[in-house]
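Presented below is the structure to which this report refers.
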Amino acid sequence: MALKIYLVRHATPDWSRTDIRYDIPPGPPLTPHGEAEAVKLGEFLRAAGVKRIYASPLERTRRTAEIAGDIVDSIPIEEEAIAEWRRGESEAEVSARFNGLWEKICTESQAIGPIALVTHGGPVKAMLLSLGMPQATVDDYCRKFDRGNPLPPAGVWLATGNMDAAPWGLELVFTPQVDPATPTGQPSVHVVNAQTVYV
């Protein structure tokens, strides 16, 4: 059975709060628009059959996970390994945090079903690279969305595969808003290493 792990970016926070550092708790809170995105996210995760939700300890990720978790009927579990990319932290350090958690998440997913990790754009970028997505493809996605992230607020990448085999299938499966690169709202398709990636 293929494992399904959803890599989720938090919903839209109040970026105008420049008095609060974005990379350490609490960080900026969600806006009302962000809370509405989190509801849409929860509906998507419920339809996807997600059984467990992990969340970064920052306010914007915890609140996104709480709103989605109410819909999924799952109480989010706080996980430091998927916290925001901190000032001074290297990409290798962010990847090491993620890689240290990945085996545990895969084992749990094998036992209970799909799992969602509610994190931040920077860690999702590091995760996509760790799972085998080429740098050029990740960079392409980062040009499409806000603040150089590979997915929009409350967006979701699905990683499918198993613990002992590569490559992982990676698909951008949910965005709560129209992709600016596709104004009709229809997904565009790219084929990367024989994997279909929807954007």
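If you're wondering about the labels, chains in the structure tokens are A, B, ... by order shown, residues count from 1 in each chain, ligands from 1 in order shown.
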Within 10 Å of Gly42 of chain A, counting only C-alpha atoms, which residues show up once you throw out same-chain ones fewer than 5 positions away? Write them as a PDB file with N, CA, C and O atoms, in the first residue's frame, please.
ATOM      1  N   ALA A  36     -10.672  31.370   6.790  1.00  0.00           N
ATOM      2  CA  ALA A  36     -11.562  30.803   5.767  1.00  0.00           C
ATOM      3  C   ALA A  36     -10.798  29.792   4.902  1.00  0.00           C
ATOM      4  O   ALA A  36     -11.350  28.742   4.533  1.00  0.00           O
ATOM      5  N   GLU A  37      -9.541  30.085   4.586  1.00  0.00           N
ATOM      6  CA  GLU A  37      -8.716  29.131   3.836  1.00  0.00           C
ATOM      7  C   GLU A  37      -8.531  27.838   4.626  1.00  0.00           C
ATOM      8  O   GLU A  37      -8.553  26.738   4.050  1.00  0.00           O
ATOM      9  N   ALA A  47     -11.914  14.915   3.027  1.00  0.00           N
ATOM     10  CA  ALA A  47     -12.220  14.135   1.821  1.00  0.00           C
ATOM     11  C   ALA A  47     -11.054  13.214   1.454  1.00  0.00           C
ATOM     12  O   ALA A  47     -11.270  12.133   0.892  1.00  0.00           O
ATOM     13  N   ALA A  48      -9.822  13.622   1.798  1.00  0.00           N
ATOM     14  CA  ALA A  48      -8.637  12.813   1.499  1.00  0.00           C
ATOM     15  C   ALA A  48      -8.433  11.684   2.506  1.00  0.00           C
ATOM     16  O   ALA A  48      -7.542  10.856   2.332  1.00  0.00           O
ATOM     17  N   VAL A  50      -7.518  11.958   5.758  1.00  0.00           N
ATOM     18  CA  VAL A  50      -6.394  12.172   6.676  1.00  0.00           C
ATOM     19  C   VAL A  50      -6.779  11.717   8.083  1.00  0.00           C
ATOM     20  O   VAL A  50      -7.853  12.032   8.587  1.00  0.00           O
ATOM     21  N   THR A  64      -4.137  27.070  11.857  1.00  0.00           N
ATOM     22  CA  THR A  64      -4.552  26.396  10.612  1.00  0.00           C
ATOM     23  C   THR A  64      -4.887  24.939  10.908  1.00  0.00           C
ATOM     24  O   THR A  64      -5.927  24.427  10.480  1.00  0.00           O
ATOM     25  N   ALA A  65      -4.011  24.274  11.656  1.00  0.00           N
ATOM     26  CA  ALA A  65      -4.216  22.854  11.975  1.00  0.00           C
ATOM     27  C   ALA A  65      -5.422  22.646  12.888  1.00  0.00           C
ATOM     28  O   ALA A  65      -6.144  21.644  12.750  1.00  0.00           O
ATOM     29  N   GLU A  66      -5.654  23.568  13.816  1.00  0.00           N
ATOM     30  CA  GLU A  66      -6.815  23.446  14.703  1.00  0.00           C
ATOM     31  C   GLU A  66      -8.121  23.533  13.924  1.00  0.00           C
ATOM     32  O   GLU A  66      -9.042  22.742  14.129  1.00  0.00           O
ATOM     33  N   ILE A  67      -8.215  24.528  13.029  1.00  0.00           N
ATOM     34  CA  ILE A  67      -9.435  24.698  12.233  1.00  0.00           C
ATOM     35  C   ILE A  67      -9.645  23.484  11.335  1.00  0.00           C
ATOM     36  O   ILE A  67     -10.742  22.917  11.278  1.00  0.00           O
ATOM     37  N   ALA A  68      -8.594  23.072  10.632  1.00  0.00           N
ATOM     38  CA  ALA A  68      -8.698  21.892   9.764  1.00  0.00           C
ATOM     39  C   ALA A  68      -8.978  20.640  10.583  1.00  0.00           C
ATOM     40  O   ALA A  68      -9.781  19.787  10.199  1.00  0.00           O
ATOM     41  N   GLY A  69      -8.314  20.533  11.737  1.00  0.00           N
ATOM     42  CA  GLY A  69      -8.482  19.358  12.593  1.00  0.00           C
ATOM     43  C   GLY A  69      -9.895  19.198  13.108  1.00  0.00           C
ATOM     44  O   GLY A  69     -10.392  18.070  13.255  1.00  0.00           O
ATOM     45  N   ASP A  70     -10.579  20.320  13.395  1.00  0.00           N
ATOM     46  CA  ASP A  70     -11.980  20.240  13.821  1.00  0.00           C
ATOM     47  C   ASP A  70     -12.839  19.584  12.752  1.00  0.00           C
ATOM     48  O   ASP A  70     -13.748  18.815  13.056  1.00  0.00           O
ATOM     49  N   ILE A  71     -12.545  19.872  11.498  1.00  0.00           N
ATOM     50  CA  ILE A  71     -13.312  19.304  10.384  1.00  0.00           C
ATOM     51  C   ILE A  71     -12.943  17.845  10.158  1.00  0.00           C
ATOM     52  O   ILE A  71     -13.800  17.007   9.895  1.00  0.00           O
ATOM     53  N   VAL A  72     -11.652  17.529  10.299  1.00  0.00           N
ATOM     54  CA  VAL A  72     -11.154  16.164  10.096  1.00  0.00           C
ATOM     55  C   VAL A  72     -11.457  15.271  11.306  1.00  0.00           C
ATOM     56  O   VAL A  72     -11.436  14.049  11.200  1.00  0.00           O
ATOM     57  N   ASP A  73     -11.725  15.904  12.452  1.00  0.00           N
ATOM     58  CA  ASP A  73     -11.899  15.205  13.727  1.00  0.00           C
ATOM     59  C   ASP A  73     -10.569  14.615  14.196  1.00  0.00           C
ATOM     60  O   ASP A  73     -10.467  13.447  14.546  1.00  0.00           O
ATOM     61  N   ALA A 154      -2.229  27.707   2.665  1.00  0.00           N
ATOM     62  CA  ALA A 154      -3.175  26.581   2.774  1.00  0.00           C
ATOM     63  C   ALA A 154      -3.090  25.626   1.584  1.00  0.00           C
ATOM     64  O   ALA A 154      -3.961  24.785   1.403  1.00  0.00           O
TER      65      ALA A 154
END
- Could you tell me which of A:Arg86, A:Lys4, A:His120, A:Lys125 comes closest to Asp139 of chain A if we count only C-alpha atoms?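 Checking each of A:Arg86, A:Lys4, A:His120, A:Lys125 against Asp139 of chain A, counting only C-alpha atoms, the winner is A:Lys125.
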- Message: Could you go through segment 64-135 of chain A and tell me which residues DSSP, when run on the backbone, assigns to helix (DSSP H, G or I), listing them as a ChimeraX atom specification?
- Response: /A:64-72,80-82,91-112,121-130,135
- Query: Quick one: DSSP strand (DSSP E or B) residues in chain A, as a PyMOL selection string?
  - Reply: chain A and resi 3-9+13+30+52-55+77-78+115-119+156-162+165-174+189-192+195-198
So that I have them on file, write out the residues from the current selection with N, CA and C atoms, as a tab-separated table (two decimals), in the first residue's frame.
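Just written: result18.tsv:
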chain	number	residue	atom	x	y	z
A	3	LEU	N	2.08	4.91	0.74
A	3	LEU	CA	1.88	5.87	1.82
A	3	LEU	C	1.43	7.19	1.22
A	4	LYS	N	0.61	7.93	1.98
A	4	LYS	CA	0.16	9.25	1.56
A	4	LYS	C	0.43	10.23	2.69
A	5	ILE	N	1.32	11.18	2.40
A	5	ILE	CA	1.67	12.20	3.38
A	5	ILE	C	1.46	13.57	2.72
A	6	TYR	N	0.65	14.39	3.37
A	6	TYR	CA	0.29	15.69	2.84
A	6	TYR	C	1.17	16.77	3.48
A	7	LEU	N	1.87	17.52	2.65
A	7	LEU	CA	2.74	18.61	3.09
A	7	LEU	C	1.97	19.91	2.91
A	8	VAL	N	1.58	20.53	4.01
A	8	VAL	CA	0.64	21.64	4.01
A	8	VAL	C	1.32	22.92	4.47
A	9	ARG	N	1.10	23.99	3.74
A	9	ARG	CA	1.54	25.31	4.21
A	9	ARG	C	0.40	25.94	5.01
A	13	PRO	N	-1.39	34.50	7.04
A	13	PRO	CA	-1.25	35.23	8.30
A	13	PRO	C	-1.27	36.74	8.07
A	30	LEU	N	-3.28	34.25	12.04
A	30	LEU	CA	-4.04	34.21	10.79
A	30	LEU	C	-4.94	35.44	10.67
A	52	ARG	N	-4.33	11.82	10.85
A	52	ARG	CA	-3.57	12.50	11.90
A	52	ARG	C	-2.96	13.76	11.31
A	53	ILE	N	-2.90	14.81	12.14
A	53	ILE	CA	-2.33	16.09	11.72
A	53	ILE	C	-1.22	16.49	12.69
A	54	TYR	N	-0.07	16.82	12.13
A	54	TYR	CA	1.03	17.40	12.90
A	54	TYR	C	1.13	18.88	12.51
A	55	ALA	N	1.55	19.72	13.47
A	55	ALA	CA	1.67	21.15	13.19
A	55	ALA	C	2.93	21.72	13.80
A	77	ILE	N	-1.07	17.55	16.59
A	77	ILE	CA	0.07	17.25	17.46
A	77	ILE	C	1.18	18.24	17.10
A	78	GLU	N	1.67	18.98	18.09
A	78	GLU	CA	2.73	19.95	17.84
A	78	GLU	C	4.04	19.21	17.58
A	115	ILE	N	-1.47	11.09	6.54
A	115	ILE	CA	-1.07	12.04	7.59
A	115	ILE	C	-0.78	13.39	6.93
A	116	ALA	N	-1.14	14.47	7.64
A	116	ALA	CA	-0.85	15.83	7.16
A	116	ALA	C	0.15	16.50	8.08
A	117	LEU	N	1.12	17.18	7.48
A	117	LEU	CA	2.11	17.97	8.21
A	117	LEU	C	1.84	19.44	7.89
A	118	VAL	N	1.32	20.21	8.85
A	118	VAL	CA	1.02	21.62	8.63
A	118	VAL	C	2.26	22.42	9.05
A	119	THR	N	2.94	22.97	8.05
A	119	THR	CA	4.22	23.60	8.27
A	119	THR	C	4.29	24.93	7.52
A	156	VAL	N	-1.41	22.43	-0.61
A	156	VAL	CA	-1.03	21.08	-0.18
A	156	VAL	C	-0.30	20.33	-1.29
A	157	TRP	N	0.87	19.81	-0.95
A	157	TRP	CA	1.57	18.83	-1.78
A	157	TRP	C	1.29	17.44	-1.21
A	158	LEU	N	1.04	16.48	-2.09
A	158	LEU	CA	0.88	15.08	-1.68
A	158	LEU	C	2.14	14.31	-2.06
A	159	ALA	N	2.74	13.65	-1.08
A	159	ALA	CA	3.87	12.75	-1.32
A	159	ALA	C	3.34	11.32	-1.21
A	160	THR	N	3.47	10.55	-2.28
A	160	THR	CA	3.04	9.15	-2.27
A	160	THR	C	4.23	8.27	-2.58
A	161	GLY	N	4.30	7.14	-1.89
A	161	GLY	CA	5.40	6.22	-2.12
A	161	GLY	C	5.47	5.21	-0.99
A	162	ASN	N	6.65	4.65	-0.81
A	162	ASN	CA	6.85	3.77	0.34
A	162	ASN	C	8.25	4.00	0.90
A	165	ALA	N	11.47	2.60	-1.26
A	165	ALA	CA	11.67	2.77	-2.70
A	165	ALA	C	11.60	4.25	-3.08
A	166	ALA	N	12.30	4.59	-4.12
A	166	ALA	CA	12.26	5.94	-4.67
A	166	ALA	C	11.91	5.80	-6.15
A	167	PRO	N	11.45	6.81	-6.79
A	167	PRO	CA	11.20	8.14	-6.24
A	167	PRO	C	9.81	8.24	-5.61
A	168	TRP	N	9.62	9.27	-4.81
A	168	TRP	CA	8.31	9.59	-4.29
A	168	TRP	C	7.53	10.34	-5.36
A	169	GLY	N	6.24	10.05	-5.48
A	169	GLY	CA	5.37	10.84	-6.35
A	169	GLY	C	5.01	12.12	-5.61
A	170	LEU	N	5.13	13.24	-6.29
A	170	LEU	CA	4.85	14.53	-5.67
A	170	LEU	C	3.85	15.30	-6.54
A	171	GLU	N	2.71	15.67	-5.95
A	171	GLU	CA	1.68	16.42	-6.67
A	171	GLU	C	1.17	17.58	-5.83
A	172	LEU	N	1.04	18.74	-6.45
A	172	LEU	CA	0.37	19.86	-5.80
A	172	LEU	C	-1.12	19.60	-5.98
A	173	VAL	N	-1.78	19.16	-4.91
A	173	VAL	CA	-3.14	18.64	-5.03
A	173	VAL	C	-4.23	19.59	-4.55
A	174	PHE	N	-3.87	20.65	-3.84
A	174	PHE	CA	-4.90	21.56	-3.35
A	174	PHE	C	-4.36	22.97	-3.21
A	189	VAL	N	-0.12	21.10	-16.22
A	189	VAL	CA	0.54	19.84	-15.91
A	189	VAL	C	1.98	19.87	-16.38
A	190	HIS	N	2.88	19.42	-15.53
A	190	HIS	CA	4.29	19.26	-15.88
A	190	HIS	C	4.66	17.82	-15.58
A	191	VAL	N	5.48	17.21	-16.43
A	191	VAL	CA	5.97	15.87	-16.16
A	191	VAL	C	7.42	15.98	-15.74
A	192	VAL	N	7.72	15.46	-14.56
A	192	VAL	CA	9.07	15.54	-14.00
A	192	VAL	C	9.53	14.14	-13.67
A	195	GLN	N	7.05	11.55	-13.34
A	195	GLN	CA	6.01	11.78	-12.33
A	195	GLN	C	5.18	12.97	-12.81
A	196	THR	N	3.88	12.89	-12.68
A	196	THR	CA	3.04	14.01	-13.04
A	196	THR	C	2.88	14.90	-11.83
A	197	VAL	N	3.16	16.17	-12.02
A	197	VAL	CA	3.04	17.16	-10.96
A	197	VAL	C	2.04	18.21	-11.42
A	198	TYR	N	0.95	18.38	-10.68
A	198	TYR	CA	-0.09	19.34	-11.06
A	198	TYR	C	0.16	20.68	-10.38
